[in-house]
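All remarks here apply to the structure that follows.
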Amino acid sequence: MVNKQLNIGIIGLGTVGSGVVETLEKKNNYFKKKYNLEINILGISAKSKNKKRAFTVKKYKWYNNPLDIIDVKNIHVIVELIAGSSGMALKIANKTLKGKKHLVTANKALLAVHGEKLSELAKKNSVNICFEAAVAGAIPIINVLENRMLSDNISNIYGILNGTCNYILSQMSEKKISFNTALKNAQNAGFAEADPYDDISGNDTAYKLVLLTNLIFSTNFKSKHVYLEGITKISNIDLEMGHKLGYTILLLGISNIKNKIIQLRVHPCMVSKNSLLAKVKNELNSVVLEGDMVGKTLLIGKGAGKKPTAASVISDIISFENYKQRKLEYKKEKNLSFIGGNINERKGKFYLRIGVLDKPGVLADITSFFKRQKISISNMFQLEKKISGYVQLIFVTHNILERQLISTIKKIEKLDKVKTKVNVIRIENSI
Ligand SMILES: NC(=O)c1ccc[n+]([C@@H]2O[C@H](COP(=O)([O-])OP(=O)(O)OC[C@H]3O[C@@H](n4cnc5c(N)ncnc54)[C@H](OP(=O)(O)O)[C@@H]3O)[C@@H](O)[C@H]2O)c1
């Protein structure tokens, strides 16, 4: 005999939403036995009622207007799986919380933009926002952070937070295929959206980084505070050169904290081929948390896809009652007041690739700028093959301040014999 009944409404029946319905149909008996809990779907909604879905739509009560589901009296939890930082997703979130119902969502864009306001609304109405699936798919990172499983002062977060980008970079590197072919393969395999802009531009990673950073440091950063570079400028030649130098190229979301200054950045990084993160291939996601007592802790798992994401959504549905503290709450304690840092103040190594005319003296001209700016070079070579008719020069710097490098690059790019923009990739040695 089951003594707990949980009534839910599901809005959005695409990849994740239909995965949630299918899994609940399959596992409801298991949840009854294990958790003494029966989950009842009292309403569903999406854009089109007649679309072919992986489950029988007729079994459930359909609502043409998703907002009407929230009015159903005995529904306890609304599961929003639509997407978008505003529009209908925001309306659903506001109405759900104002109506004193709990909200489960996988929508990182919504929370990265409106997290603080929604959190205040949830608090005012004594309900919760659960969002395990919004960051790193199946990896239970939100659970780890909220339950203080790492009772440590975390100083650095490094994350492979976008399965599409990781898949593209892995495939380009391993199969020596172009960016466009790798993107097409990702779309065919169901890892990338038809419109991949948010993924490849780094925006999606920035949303997730903001959520993790705010949870850990009780800050209120928004994605506009994140330094952002996507992966479109990464070419096969950079992956090949990285490999030759002992590095793998990854798109990382990084939050570093030093003297109460947090630097939030998303950009392609060269990391040592021997580092743990370099082993995280294809659509997998990973988060490294670094604390002063425990050192580095790495979590790894499937970052996207129907089943992994549905599993996280369902774990939120099952356990929301146990997580009364589960709120996106920014405490703004005085001694925890961090400010955002400027990437120009980052100190580290850099990989540079420059396309130049095949003329004598060009190398001497470039290195003279490095010498004047006291930028020492640890590695330098010229590729045998030309790209678009230009000789490719590769440099690896020692540790320098980013602003020092940027001003030098501007001068180098003005040289007549330099024919391309300098392609810069940051090297992260501490992972
Ligand atoms: N896919 C993943 O692997 C993954 C991983 C982590 C997090 N997420 C997040 O999970 C959420 C859902 O993603 P998804 O991949 O499942 O998206 P999706 O496949 O595009 O599905 C979106 C669903 O929302 C419905 N919808 C869109 N606009 C609507 C509106 N105005 N009113 C009512 N219904 C509307 C669509 O209806 P129709 O079906 O009728 O078109 C569709 O069922 C997003 O926030 C996403 O960022 C996804």
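Every chain in the structure tokens takes a letter, A first, then B, and so on in the order presented; its residues are numbered from 1, and the ligands are numbered from 1 following the presented order.
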
Next item on the list: Write out as a PyMOL selection string all residues of region 104-191 of chain A that DSSP puts in strand (DSSP E) for this structure's backbone.
Entry: chain A and resi 104-105+129-130+154-160

Checklist line | Selection within 6 Å of ligand 1 by only C-alpha atoms and all ligand atoms, output as JSON, numbers by chain | finding: {"A": [12, 13, 14, 15, 16, 17, 46, 47, 48, 66, 81, 82, 83, 88, 106, 107, 133, 134, 137, 304, 305, 306, 309]}

Once you have the residues from the selection above, write them out as a PDB file, in the first residue's frame, restricted to C-alpha atoms.
ATOM      1  CA  GLY A  12       7.218  20.422 -22.795  1.00  0.00           C
ATOM      2  CA  LEU A  13       7.230  16.948 -24.327  1.00  0.00           C
ATOM      3  CA  GLY A  14      10.310  17.067 -26.554  1.00  0.00           C
ATOM      4  CA  THR A  15      13.534  15.133 -25.978  1.00  0.00           C
ATOM      5  CA  VAL A  16      13.546  15.511 -22.195  1.00  0.00           C
ATOM      6  CA  GLY A  17       9.794  15.789 -21.529  1.00  0.00           C
ATOM      7  CA  ALA A  46       3.351  21.169 -25.521  1.00  0.00           C
ATOM      8  CA  LYS A  47       2.990  23.261 -28.663  1.00  0.00           C
ATOM      9  CA  SER A  48       1.295  20.708 -30.862  1.00  0.00           C
ATOM     10  CA  PRO A  66       0.240  25.229 -20.617  1.00  0.00           C
ATOM     11  CA  LEU A  81      10.776  21.363 -20.055  1.00  0.00           C
ATOM     12  CA  ILE A  82      10.212  23.967 -22.752  1.00  0.00           C
ATOM     13  CA  ALA A  83      13.470  26.001 -22.852  1.00  0.00           C
ATOM     14  CA  MET A  88       6.394  30.984 -21.974  1.00  0.00           C
ATOM     15  CA  ALA A 106      16.048  21.737 -16.751  1.00  0.00           C
ATOM     16  CA  ASN A 107      16.169  25.285 -18.098  1.00  0.00           C
ATOM     17  CA  ALA A 133      19.106  18.598 -14.942  1.00  0.00           C
ATOM     18  CA  ALA A 134      20.012  22.194 -15.816  1.00  0.00           C
ATOM     19  CA  GLY A 137      22.774  16.435 -17.393  1.00  0.00           C
ATOM     20  CA  ALA A 304      22.770  15.514 -22.253  1.00  0.00           C
ATOM     21  CA  GLY A 305      20.354  13.263 -24.095  1.00  0.00           C
ATOM     22  CA  LYS A 306      16.893  11.934 -23.427  1.00  0.00           C
ATOM     23  CA  THR A 309      18.524  14.281 -18.537  1.00  0.00           C
TER      24      THR A 309
END

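Near Gln187 (chain A), within 10 Å and counting only C-alpha atoms, sit A:Thr164, A:Thr181, A:Glu193, A:Ala194, A:Asp195, A:Pro196, not including residues fewer than 6 positions from it in the same chain.
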
Go ahead and save the picked residues with all heavy atoms, as a compact mmCIF listing (two decimals), in the first residue's frame.
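Okay, again-v9.txt is ready:
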# COMPACT_ATOMS: atom_id res chain seq x y z
N THR A 164 27.83 18.98 -26.71
CA THR A 164 27.98 19.20 -28.16
C THR A 164 29.39 19.66 -28.49
O THR A 164 30.04 19.13 -29.40
CB THR A 164 26.97 20.29 -28.62
OG1 THR A 164 25.67 19.85 -28.26
CG2 THR A 164 27.05 20.53 -30.09
N THR A 181 31.76 19.08 -40.42
CA THR A 181 31.39 17.66 -40.46
C THR A 181 31.13 17.15 -39.05
O THR A 181 30.16 16.42 -38.80
CB THR A 181 32.53 16.82 -41.12
OG1 THR A 181 32.86 17.43 -42.36
CG2 THR A 181 32.15 15.39 -41.33
N GLU A 193 21.59 20.66 -31.20
CA GLU A 193 20.30 21.19 -31.65
C GLU A 193 20.39 21.52 -33.15
O GLU A 193 21.48 21.73 -33.68
CB GLU A 193 20.01 22.52 -30.94
CG GLU A 193 20.13 22.48 -29.44
CD GLU A 193 18.84 22.04 -28.79
OE1 GLU A 193 17.80 22.18 -29.43
OE2 GLU A 193 18.90 21.52 -27.68
N ALA A 194 19.21 21.64 -33.81
CA ALA A 194 19.18 22.08 -35.21
C ALA A 194 19.84 23.46 -35.29
O ALA A 194 20.59 23.75 -36.22
CB ALA A 194 17.75 22.14 -35.70
N ASP A 195 19.57 24.33 -34.29
CA ASP A 195 20.27 25.62 -34.22
C ASP A 195 21.30 25.51 -33.09
O ASP A 195 20.96 25.62 -31.90
CB ASP A 195 19.28 26.75 -33.92
CG ASP A 195 20.00 28.08 -33.74
OD1 ASP A 195 21.24 28.12 -33.90
OD2 ASP A 195 19.33 29.09 -33.45
N PRO A 196 22.57 25.28 -33.44
CA PRO A 196 23.56 24.99 -32.40
C PRO A 196 24.21 26.23 -31.79
O PRO A 196 25.18 26.13 -31.05
CB PRO A 196 24.61 24.17 -33.18
CG PRO A 196 24.55 24.73 -34.56
CD PRO A 196 23.15 25.24 -34.79

Margin query: Can you tell me which residues surround Ile394 (chain A) at a distance of at most 9 Å, considering only C-alpha atoms, apart from same-chain residues fewer than 4 positions away, and format the answer as number ranges by chain?
Written below: A: 241, 351-354, 379-383

Written file, previous selection with N, CA and C atoms, as a PDB file, in the first residue's frame:
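That gives us again_16.pdb:
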ATOM      1  N   MET A 241      48.531  20.723 -33.615  1.00  0.00           N
ATOM      2  CA  MET A 241      49.690  21.360 -32.965  1.00  0.00           C
ATOM      3  C   MET A 241      49.625  21.183 -31.444  1.00  0.00           C
ATOM      4  N   TYR A 351      49.164  29.752 -26.381  1.00  0.00           N
ATOM      5  CA  TYR A 351      49.554  29.202 -27.685  1.00  0.00           C
ATOM      6  C   TYR A 351      49.144  30.234 -28.723  1.00  0.00           C
ATOM      7  N   LEU A 352      50.043  30.560 -29.638  1.00  0.00           N
ATOM      8  CA  LEU A 352      49.737  31.548 -30.678  1.00  0.00           C
ATOM      9  C   LEU A 352      50.035  30.946 -32.050  1.00  0.00           C
ATOM     10  N   ARG A 353      49.133  31.167 -33.002  1.00  0.00           N
ATOM     11  CA  ARG A 353      49.435  30.761 -34.392  1.00  0.00           C
ATOM     12  C   ARG A 353      49.249  31.984 -35.285  1.00  0.00           C
ATOM     13  N   ILE A 354      50.278  32.240 -36.107  1.00  0.00           N
ATOM     14  CA  ILE A 354      50.256  33.455 -36.928  1.00  0.00           C
ATOM     15  C   ILE A 354      50.534  33.080 -38.387  1.00  0.00           C
ATOM     16  N   ASN A 379      58.446  27.779 -26.662  1.00  0.00           N
ATOM     17  CA  ASN A 379      58.458  26.885 -27.807  1.00  0.00           C
ATOM     18  C   ASN A 379      58.095  27.689 -29.058  1.00  0.00           C
ATOM     19  N   MET A 380      58.772  27.393 -30.157  1.00  0.00           N
ATOM     20  CA  MET A 380      58.491  28.162 -31.378  1.00  0.00           C
ATOM     21  C   MET A 380      58.825  27.285 -32.577  1.00  0.00           C
ATOM     22  N   PHE A 381      57.928  27.176 -33.538  1.00  0.00           N
ATOM     23  CA  PHE A 381      58.275  26.460 -34.758  1.00  0.00           C
ATOM     24  C   PHE A 381      57.413  26.913 -35.944  1.00  0.00           C
ATOM     25  N   GLN A 382      57.855  26.489 -37.127  1.00  0.00           N
ATOM     26  CA  GLN A 382      57.159  26.858 -38.359  1.00  0.00           C
ATOM     27  C   GLN A 382      56.600  25.583 -38.982  1.00  0.00           C
ATOM     28  N   LEU A 383      55.313  25.639 -39.409  1.00  0.00           N
ATOM     29  CA  LEU A 383      54.731  24.449 -40.029  1.00  0.00           C
ATOM     30  C   LEU A 383      55.273  24.261 -41.438  1.00  0.00           C
TER      31      LEU A 383
END

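Restricting the calculation to only C-alpha atoms, the smallest distance between Ala182 (chain A) and any of A:Ile200, A:Asn214, A:Glu80, A:Ile41 is found for A:Ile200.
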
Note to self: Applying 12 Å and only C-alpha atoms, which residues near Thr105 (chain A) remain after dropping the ones on its own chain fewer than 2 positions away? List them as a ChimeraX atom specification.
What the structure shows: /A:9-12,16-17,20,77-85,89-90,92-93,96,102-103,107-111,115,128-135,137,309-310,312-317,320

Note to self: If we count only C-alpha atoms and set the cut-off at 12 Å, which residues sit around Val266 (chain A), ignoring sequence neighbours fewer than 4 positions away in its own chain? Please answer as an MDAnalysis selection string.
What the structure shows: chainID A and resid 157:162 165 199:210 223:231 250:256 343 425:426

Shell around Met172 (chain A) at 10 Å using only C-alpha atoms, local window under 3 positions removed, as an mmCIF file with all heavy atoms, in the first residue's frame:
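Output contents, as saved in out_31.cif:
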data_model
loop_
_atom_site.group_PDB
_atom_site.id
_atom_site.type_symbol
_atom_site.label_atom_id
_atom_site.label_comp_id
_atom_site.auth_asym_id
_atom_site.auth_seq_id
_atom_site.Cartn_x
_atom_site.Cartn_y
_atom_site.Cartn_z
ATOM 1 N N ASN A 166 32.103 19.349 -26.684
ATOM 2 C CA ASN A 166 33.100 18.321 -26.382
ATOM 3 C C ASN A 166 33.108 17.249 -27.470
ATOM 4 O O ASN A 166 34.171 16.765 -27.879
ATOM 5 C CB ASN A 166 32.811 17.696 -25.010
ATOM 6 C CG ASN A 166 34.070 17.215 -24.341
ATOM 7 O OD1 ASN A 166 35.083 17.902 -24.368
ATOM 8 N ND2 ASN A 166 34.046 16.021 -23.781
ATOM 9 N N TYR A 167 31.918 16.903 -27.948
ATOM 10 C CA TYR A 167 31.797 15.906 -29.019
ATOM 11 C C TYR A 167 32.500 16.421 -30.280
ATOM 12 O O TYR A 167 33.289 15.708 -30.902
ATOM 13 C CB TYR A 167 30.309 15.644 -29.295
ATOM 14 C CG TYR A 167 30.050 14.606 -30.350
ATOM 15 C CD1 TYR A 167 30.017 13.251 -30.028
ATOM 16 C CD2 TYR A 167 29.845 14.976 -31.684
ATOM 17 C CE1 TYR A 167 29.773 12.290 -31.012
ATOM 18 C CE2 TYR A 167 29.606 14.021 -32.662
ATOM 19 C CZ TYR A 167 29.566 12.682 -32.321
ATOM 20 O OH TYR A 167 29.342 11.738 -33.292
ATOM 21 N N ILE A 168 32.225 17.672 -30.650
ATOM 22 C CA ILE A 168 32.816 18.236 -31.872
ATOM 23 C C ILE A 168 34.350 18.241 -31.769
ATOM 24 O O ILE A 168 35.048 17.794 -32.674
ATOM 25 C CB ILE A 168 32.283 19.670 -32.129
ATOM 26 C CG1 ILE A 168 30.802 19.612 -32.520
ATOM 27 C CG2 ILE A 168 33.088 20.380 -33.210
ATOM 28 C CD1 ILE A 168 30.119 20.970 -32.624
ATOM 29 N N LEU A 169 34.880 18.726 -30.640
ATOM 30 C CA LEU A 169 36.342 18.813 -30.504
ATOM 31 C C LEU A 169 36.980 17.420 -30.469
ATOM 32 O O LEU A 169 38.038 17.192 -31.068
ATOM 33 C CB LEU A 169 36.715 19.623 -29.247
ATOM 34 C CG LEU A 169 36.336 21.115 -29.301
ATOM 35 C CD1 LEU A 169 36.589 21.787 -27.957
ATOM 36 C CD2 LEU A 169 37.100 21.843 -30.408
ATOM 37 N N LYS A 175 39.151 11.949 -35.415
ATOM 38 C CA LYS A 175 38.866 11.493 -36.792
ATOM 39 C C LYS A 175 39.427 12.425 -37.849
ATOM 40 O O LYS A 175 39.239 12.187 -39.047
ATOM 41 C CB LYS A 175 37.356 11.337 -36.976
ATOM 42 C CG LYS A 175 36.774 10.267 -36.063
ATOM 43 C CD LYS A 175 35.374 9.874 -36.467
ATOM 44 C CE LYS A 175 34.899 8.724 -35.619
ATOM 45 N NZ LYS A 175 33.448 8.675 -35.537
ATOM 46 N N LYS A 176 40.059 13.512 -37.389
ATOM 47 C CA LYS A 176 40.645 14.516 -38.309
ATOM 48 C C LYS A 176 39.593 15.058 -39.300
ATOM 49 O O LYS A 176 39.871 15.235 -40.486
ATOM 50 C CB LYS A 176 41.825 13.929 -39.116
ATOM 51 C CG LYS A 176 42.794 13.091 -38.303
ATOM 52 C CD LYS A 176 43.877 13.943 -37.703
ATOM 53 C CE LYS A 176 44.887 13.144 -36.922
ATOM 54 N NZ LYS A 176 44.737 13.156 -35.477
ATOM 55 N N ILE A 177 38.373 15.248 -38.808
ATOM 56 C CA ILE A 177 37.321 15.791 -39.676
ATOM 57 C C ILE A 177 37.159 17.282 -39.391
ATOM 58 O O ILE A 177 37.626 17.780 -38.362
ATOM 59 C CB ILE A 177 35.967 15.054 -39.474
ATOM 60 C CG1 ILE A 177 35.570 15.039 -37.991
ATOM 61 C CG2 ILE A 177 36.016 13.652 -40.032
ATOM 62 C CD1 ILE A 177 34.228 14.379 -37.705
ATOM 63 N N SER A 178 36.497 17.990 -40.297
ATOM 64 C CA SER A 178 36.363 19.445 -40.145
ATOM 65 C C SER A 178 35.321 19.773 -39.067
ATOM 66 O O SER A 178 34.520 18.907 -38.680
ATOM 67 C CB SER A 178 35.914 20.072 -41.468
ATOM 68 O OG SER A 178 34.577 19.677 -41.725
ATOM 69 N N PHE A 179 35.317 21.024 -38.656
ATOM 70 C CA PHE A 179 34.337 21.500 -37.672
ATOM 71 C C PHE A 179 32.913 21.232 -38.180
ATOM 72 O O PHE A 179 32.079 20.696 -37.452
ATOM 73 C CB PHE A 179 34.551 23.004 -37.434
ATOM 74 C CG PHE A 179 33.563 23.612 -36.494
ATOM 75 C CD1 PHE A 179 33.799 23.628 -35.127
ATOM 76 C CD2 PHE A 179 32.355 24.142 -36.954
ATOM 77 C CE1 PHE A 179 32.870 24.163 -34.248
ATOM 78 C CE2 PHE A 179 31.425 24.678 -36.093
ATOM 79 C CZ PHE A 179 31.690 24.692 -34.737
ATOM 80 N N ASN A 180 32.662 21.588 -39.461
ATOM 81 C CA ASN A 180 31.294 21.446 -39.992
ATOM 82 C C ASN A 180 30.841 19.991 -40.037
ATOM 83 O O ASN A 180 29.691 19.680 -39.727
ATOM 84 C CB ASN A 180 31.206 22.065 -41.395
ATOM 85 C CG ASN A 180 31.204 23.577 -41.293
ATOM 86 O OD1 ASN A 180 30.832 24.140 -40.259
ATOM 87 N ND2 ASN A 180 31.654 24.251 -42.336
ATOM 88 N N THR A 181 31.760 19.079 -40.423
ATOM 89 C CA THR A 181 31.390 17.657 -40.465
ATOM 90 C C THR A 181 31.126 17.155 -39.046
ATOM 91 O O THR A 181 30.157 16.420 -38.804
ATOM 92 C CB THR A 181 32.533 16.824 -41.118
ATOM 93 O OG1 THR A 181 32.857 17.427 -42.360
ATOM 94 C CG2 THR A 181 32.148 15.390 -41.330
ATOM 95 N N ALA A 182 31.970 17.572 -38.103
ATOM 96 C CA ALA A 182 31.781 17.122 -36.716
ATOM 97 C C ALA A 182 30.459 17.639 -36.160
ATOM 98 O O ALA A 182 29.740 16.923 -35.449
ATOM 99 C CB ALA A 182 32.951 17.595 -35.847
ATOM 100 N N LEU A 183 30.105 18.889 -36.515
ATOM 101 C CA LEU A 183 28.833 19.458 -36.052
ATOM 102 C C LEU A 183 27.659 18.665 -36.645
ATOM 103 O O LEU A 183 26.708 18.320 -35.929
ATOM 104 C CB LEU A 183 28.746 20.938 -36.445
ATOM 105 C CG LEU A 183 27.414 21.645 -36.193
ATOM 106 C CD1 LEU A 183 27.008 21.581 -34.716
ATOM 107 C CD2 LEU A 183 27.462 23.097 -36.639
ATOM 108 N N ILE A 234 38.420 27.215 -33.603
ATOM 109 C CA ILE A 234 39.359 26.091 -33.450
ATOM 110 C C ILE A 234 39.425 25.310 -34.758
ATOM 111 O O ILE A 234 38.412 24.868 -35.282
ATOM 112 C CB ILE A 234 38.913 25.138 -32.305
ATOM 113 C CG1 ILE A 234 38.845 25.896 -30.982
ATOM 114 C CG2 ILE A 234 39.848 23.936 -32.187
ATOM 115 C CD1 ILE A 234 40.153 26.467 -30.500
ATOM 116 N N SER A 235 40.641 25.162 -35.264
ATOM 117 C CA SER A 235 40.779 24.425 -36.533
ATOM 118 C C SER A 235 41.562 23.139 -36.278
ATOM 119 O O SER A 235 42.191 22.961 -35.226
ATOM 120 C CB SER A 235 41.499 25.295 -37.555
ATOM 121 O OG SER A 235 42.819 25.486 -37.114
ATOM 122 N N ASN A 236 41.524 22.254 -37.280
ATOM 123 C CA ASN A 236 42.237 20.980 -37.137
ATOM 124 C C ASN A 236 43.725 21.199 -36.902
ATOM 125 O O ASN A 236 44.365 20.446 -36.169
ATOM 126 C CB ASN A 236 42.036 20.128 -38.393
ATOM 127 C CG ASN A 236 40.593 19.711 -38.540
ATOM 128 O OD1 ASN A 236 39.788 20.492 -39.009
ATOM 129 N ND2 ASN A 236 40.251 18.525 -38.102
ATOM 130 N N LEU A 239 44.364 21.735 -33.244
ATOM 131 C CA LEU A 239 44.240 20.477 -32.496
ATOM 132 C C LEU A 239 45.493 19.625 -32.701
ATOM 133 O O LEU A 239 46.043 19.045 -31.765
ATOM 134 C CB LEU A 239 42.988 19.710 -32.952
ATOM 135 C CG LEU A 239 41.667 20.337 -32.497
ATOM 136 C CD1 LEU A 239 40.530 19.956 -33.412
ATOM 137 C CD2 LEU A 239 41.336 19.931 -31.065
ATOM 138 N N GLU A 240 45.958 19.618 -33.960
ATOM 139 C CA GLU A 240 47.158 18.829 -34.291
ATOM 140 C C GLU A 240 48.393 19.398 -33.585
ATOM 141 O O GLU A 240 49.193 18.664 -33.004
ATOM 142 C CB GLU A 240 47.333 18.907 -35.814
ATOM 143 C CG GLU A 240 48.127 17.775 -36.427
ATOM 144 C CD GLU A 240 48.320 18.036 -37.929
ATOM 145 O OE1 GLU A 240 47.305 18.221 -38.633
ATOM 146 O OE2 GLU A 240 49.467 18.078 -38.370
#

Margin query: Please determine, counting only C-alpha atoms, which residue among A:Asn94, A:Leu393, A:Ala138, A:Gln404 has the shortest atom-to-atom distance to Leu118 (chain A).
Written below: A:Asn94
